[in-house]
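A quick write-up on the structure given underneath.
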Amino acid sequence: MTRERLLDLFKNLQVWKRHGVRAPHKPLLLLLALGRVLNNKDRLVSYSEIEVPMKGLLRRFGPPRGSFHPEYPFSRLPRDQLWDIPGSENLFRIPGREYRVRELRDHDVKGGFPVWVYDFLRRHSDIARDAAQGLLDAHFPESLHDEIRAATGIPYTWEVRETPKRRRDPAFRRHVLREYEYRCAVCNFDVRLGDDLIGLEAAHIMWVAAGGPDKVANGLALCGKHHKALDRGAVGLKAVGANYKVLISSEVHGQSEPVRWFLDFHGKYLRAPRNRLVHPNPEFVRWHYKEVFRRPPLA
Ligand SMILES: [Zn+2]
C-alpha cells in the first residue's frame with residue numbers, strides 16, 4: 001500500500017459540487033475520523049456519538065441551510081472506499097442505499113476507516129496530516145483551516161508538505177489590491193508600516209475550492225478581520241442597482257467595542273473600484289450569499 005494510492009482516494013472524493021453547491025459532509029466526517037486517528041482513538045465510532053459533533057461542524061463550516069444531515073456521509077462514504085460499516089449487509093439488506101437517522105441510531109451503527117486505511121494511517125501520522133491538509137485545501141478557504149483543525153482534533157504542524165493544489169496566483173493579490181486602491185472595501189483600513197501594507201488581503205468572493213477564479217471580479221481587498229468574516233459568512237454582499245451594499249449577519253454579536261467594526265458597516269456601500277469592469281461579478285456574489293453568508297442579515 002503506497003502513500004500515493006491512499007492520498008488519491010482522499011483527493012478523488014466524490015463531492016457534489018454542481019454549480020458550486022457546497023456539500024462538505026464527506027470532508028468534515030473524514031477530518032473527524034483523521035482527528036481520531038491522530039489522537040489514538042478506536043477505528044470505529046458509533047453514529048450516535050458522532051451525530052452531534054458532525055451537526056456542529058456542518059452548522060459552523062457548511063453552507064447556511066434549514067436542516068443538517070450528519071447521516072449522509074455514513075451512507076455515501078463507503079462508495080469512496082474510505083468508510084467501512086461492518087455488518088451493514090446484514091443490517092440493511094440492500095447495500096448502498098441511504099440510511100435513515102432512526103436506523104443508524106436504533107441499530108447503534110458504527111463506522112470508520114477500512115482496516116487497511118486505519119492501520120496505515122496509524123503507522124504514518126505524517127500521511128494522516130497530509131490527507132487532512134489536502135481535504136482542507138480542496139474544500140475550504142485557508143482562513144478557516146485553523147478553526148476546522150481545532151474543531152476536528154487535527155494537530156497543527158509546520159511539517160505539512162506542500163501539495164500542488166496549494167497554488168496561489170500572486171498576480172491576483174497584486175491586481176485586487178491595486179484596483180481597490182490599497183484599502184479594505186468594507187472599512188477603509190489602509191495601515192502601513194513604512195512602505196508595507198500590514199493586514200490588507202485579497203479575498204475571493206467565490207471560494208477557489210468551489211471553483212471561483214483568480215480574477216479581480218471575484219476578489220475584494222479586505223483587512224484581515226473582514227476577510228475572515230467574509231469567509232465565515234459573518235459579512236455578505238447584496239446588489240443594489242449597479243453597486244453593492246455590505247450585509248452583516250444577524251448572528252454577529254459581542255460585548256466589546258470592536259463588534260462595532262461589524263455592526264456599523266451593515267447597509268453601507270462597498271467601496272468598489274473606479275473601473276466598473278472589475279467590479280464584483282453578480283454571479284460570484286450570489287454564490288457567496290447562498291453558500292456562505294449566515295442569513296438572515298441584520299434588520
Ligand atoms: Zn476592514
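For the C-alpha cells, the naming scheme is as follows: chains receive sequential letters (A, B, ...) according to their order of presentation, residues are indexed from 1 within each chain, and ligands are indexed from 1 in presentation order.
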Using only C-alpha atoms and all ligand atoms, find each protein or nucleic acid residue lying at most 10 Å from ligand 1; present the set as an MDAnalysis selection string. chainID A and resid 183:190 199:201 221:229 261:262 265
Check stretch 71-136 of chain A with DSSP on the backbone and list each residue it calls alpha helix (DSSP H), as an MDAnalysis selection string. chainID A and resid 72:76 88:92 101:106 115:123 125:136
Of A:Ala138, A:Leu298, A:Leu38, A:Ala150, the one nearest to A:Leu57 when counting only C-alpha atoms is A:Ala150
Would you kindly return, as a ChimeraX atom specification, each protein, DNA or RNA residue with an atom no farther than 12 Å from any atom of A:Arg286, considering only C-alpha atoms and excluding same-chain residues fewer than 3 positions away? /A:19-21,205-206,218,236-239,244,280-283,289-293
Using DSSP on the backbone coordinates, identify all residues within stretch 171-292 of chain A classified as strand (DSSP E); present the result as a JSON list (two decimals) with N, CA and C atoms, in the first residue's frame.
[["chain", "number", "residue", "atom", "x", "y", "z"],
["A", 192, "ARG", "N", -0.16, 51.05, 7.17],
["A", 192, "ARG", "CA", 1.13, 50.63, 6.60],
["A", 192, "ARG", "C", 2.21, 50.70, 7.66],
["A", 193, "LEU", "N", 3.25, 49.91, 7.45],
["A", 193, "LEU", "CA", 4.46, 50.01, 8.25],
["A", 193, "LEU", "C", 5.55, 50.39, 7.26],
["A", 196, "ASP", "N", 5.18, 49.10, 3.68],
["A", 196, "ASP", "CA", 4.45, 47.84, 3.61],
["A", 196, "ASP", "C", 3.04, 47.95, 4.16],
["A", 197, "LEU", "N", 2.12, 47.35, 3.40],
["A", 197, "LEU", "CA", 0.74, 47.24, 3.90],
["A", 197, "LEU", "C", 0.75, 46.18, 4.98],
["A", 200, "LEU", "N", -3.66, 43.89, 5.07],
["A", 200, "LEU", "CA", -4.62, 44.02, 3.97],
["A", 200, "LEU", "C", -4.46, 42.80, 3.06],
["A", 201, "GLU", "N", -5.58, 42.18, 2.71],
["A", 201, "GLU", "CA", -5.52, 40.91, 1.99],
["A", 201, "GLU", "C", -6.43, 40.92, 0.78],
["A", 202, "ALA", "N", -6.14, 40.04, -0.17],
["A", 202, "ALA", "CA", -7.01, 39.85, -1.33],
["A", 202, "ALA", "C", -7.87, 38.62, -1.08],
["A", 203, "ALA", "N", -9.17, 38.84, -0.94],
["A", 203, "ALA", "CA", -10.09, 37.74, -0.63],
["A", 203, "ALA", "C", -10.81, 37.29, -1.90],
["A", 204, "HIS", "N", -11.14, 36.00, -1.97],
["A", 204, "HIS", "CA", -12.00, 35.50, -3.04],
["A", 204, "HIS", "C", -13.45, 35.56, -2.58],
["A", 219, "GLY", "N", -12.77, 39.09, -6.58],
["A", 219, "GLY", "CA", -11.92, 39.46, -5.44],
["A", 219, "GLY", "C", -12.42, 40.68, -4.71],
["A", 220, "LEU", "N", -11.93, 40.84, -3.50],
["A", 220, "LEU", "CA", -12.17, 42.04, -2.70],
["A", 220, "LEU", "C", -10.90, 42.31, -1.92],
["A", 221, "ALA", "N", -10.47, 43.56, -1.82],
["A", 221, "ALA", "CA", -9.40, 43.88, -0.88],
["A", 221, "ALA", "C", -10.05, 44.05, 0.48],
["A", 222, "LEU", "N", -9.59, 43.29, 1.45],
["A", 222, "LEU", "CA", -10.20, 43.35, 2.78],
["A", 222, "LEU", "C", -9.12, 43.33, 3.85],
["A", 223, "CYS", "N", -9.37, 43.99, 4.97],
["A", 223, "CYS", "CA", -8.48, 43.84, 6.13],
["A", 223, "CYS", "C", -8.66, 42.40, 6.64],
["A", 235, "VAL", "N", -20.00, 38.39, 7.12],
["A", 235, "VAL", "CA", -20.17, 39.52, 6.19],
["A", 235, "VAL", "C", -20.64, 38.99, 4.85],
["A", 236, "GLY", "N", -21.58, 39.68, 4.22],
["A", 236, "GLY", "CA", -22.05, 39.30, 2.89],
["A", 236, "GLY", "C", -22.24, 40.55, 2.04],
["A", 237, "LEU", "N", -22.70, 40.34, 0.81],
["A", 237, "LEU", "CA", -22.92, 41.45, -0.11],
["A", 237, "LEU", "C", -24.29, 41.32, -0.76],
["A", 238, "LYS", "N", -24.87, 42.48, -1.08],
["A", 238, "LYS", "CA", -26.15, 42.48, -1.77],
["A", 238, "LYS", "C", -26.10, 43.52, -2.88],
["A", 239, "ALA", "N", -26.56, 43.14, -4.08],
["A", 239, "ALA", "CA", -26.56, 44.08, -5.19],
["A", 239, "ALA", "C", -27.66, 45.11, -4.98],
["A", 240, "VAL", "N", -27.31, 46.38, -5.13],
["A", 240, "VAL", "CA", -28.30, 47.47, -5.09],
["A", 240, "VAL", "C", -28.02, 48.33, -6.31],
["A", 243, "ASN", "N", -24.43, 48.84, -7.73],
["A", 243, "ASN", "CA", -23.45, 48.80, -6.65],
["A", 243, "ASN", "C", -23.76, 47.66, -5.68],
["A", 244, "TYR", "N", -22.94, 47.58, -4.64],
["A", 244, "TYR", "CA", -23.17, 46.54, -3.64],
["A", 244, "TYR", "C", -23.23, 47.16, -2.26],
["A", 245, "LYS", "N", -24.14, 46.62, -1.44],
["A", 245, "LYS", "CA", -24.16, 47.01, -0.03],
["A", 245, "LYS", "C", -23.58, 45.88, 0.80],
["A", 246, "VAL", "N", -22.98, 46.26, 1.92],
["A", 246, "VAL", "CA", -22.41, 45.29, 2.85],
["A", 246, "VAL", "C", -23.53, 44.79, 3.76],
["A", 247, "LEU", "N", -23.59, 43.48, 3.94],
["A", 247, "LEU", "CA", -24.56, 42.89, 4.88],
["A", 247, "LEU", "C", -23.80, 42.30, 6.06],
["A", 248, "ILE", "N", -24.35, 42.43, 7.24],
["A", 248, "ILE", "CA", -23.80, 41.76, 8.41],
["A", 248, "ILE", "C", -24.84, 40.76, 8.89]]
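Across the model, the gap from atom CA of A:Val278 to atom CA of A:Pro170 is 17.4 Å.
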Using only C-alpha atoms, which residues sit within 9 Å of A:His145 once same-chain residues fewer than 5 positions away are excluded, as a list in words?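 My list of contacting residues is Gln133, Leu136, Asp137, Phe140 and Ala150 of chain A.
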Which neighbours of A:Leu135 fall inside 12 Å, counting only C-alpha atoms, when residues of the same chain fewer than 3 positions from it are skipped, and could you give them as a PyMOL selection string? chain A and resi 7-13+15+24-32+34+128-132+138-142+145+148-149+154+163+165-166+209
Using only C-alpha atoms, pick whichever of A:Val101, A:Arg18, A:Asp108, A:Phe68 has the shortest atom-to-atom distance to A:Glu49. A:Asp108
Env of A:Pro296: 9 Å cut, atoms = only C-alpha atoms, seq-sep filter 4 positions within chain, self excluded. Answer as a list of chain:residue names. A:Ile248, A:Ser249, A:Ser250, A:Glu251
From the set A:Leu6, A:Phe284, A:Arg97, A:Val52, which residue has the shortest atom-to-atom contact distance to A:Gly134, counting only C-alpha atoms? A:Leu6
Considering only C-alpha atoms, state which residue in the set A:Val45, A:Gly56, A:Arg36, A:Glu89 is at the smallest distance from A:Phe74.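 Result for the nearest residue to A:Phe74: A:Val45.
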Tell me, as a ChimeraX atom specification, which residues lie within 9 Å of A:His175, counting only C-alpha atoms; anything in the same chain fewer than 3 positions away does not count. /A:170-172,178-180,202,215-216
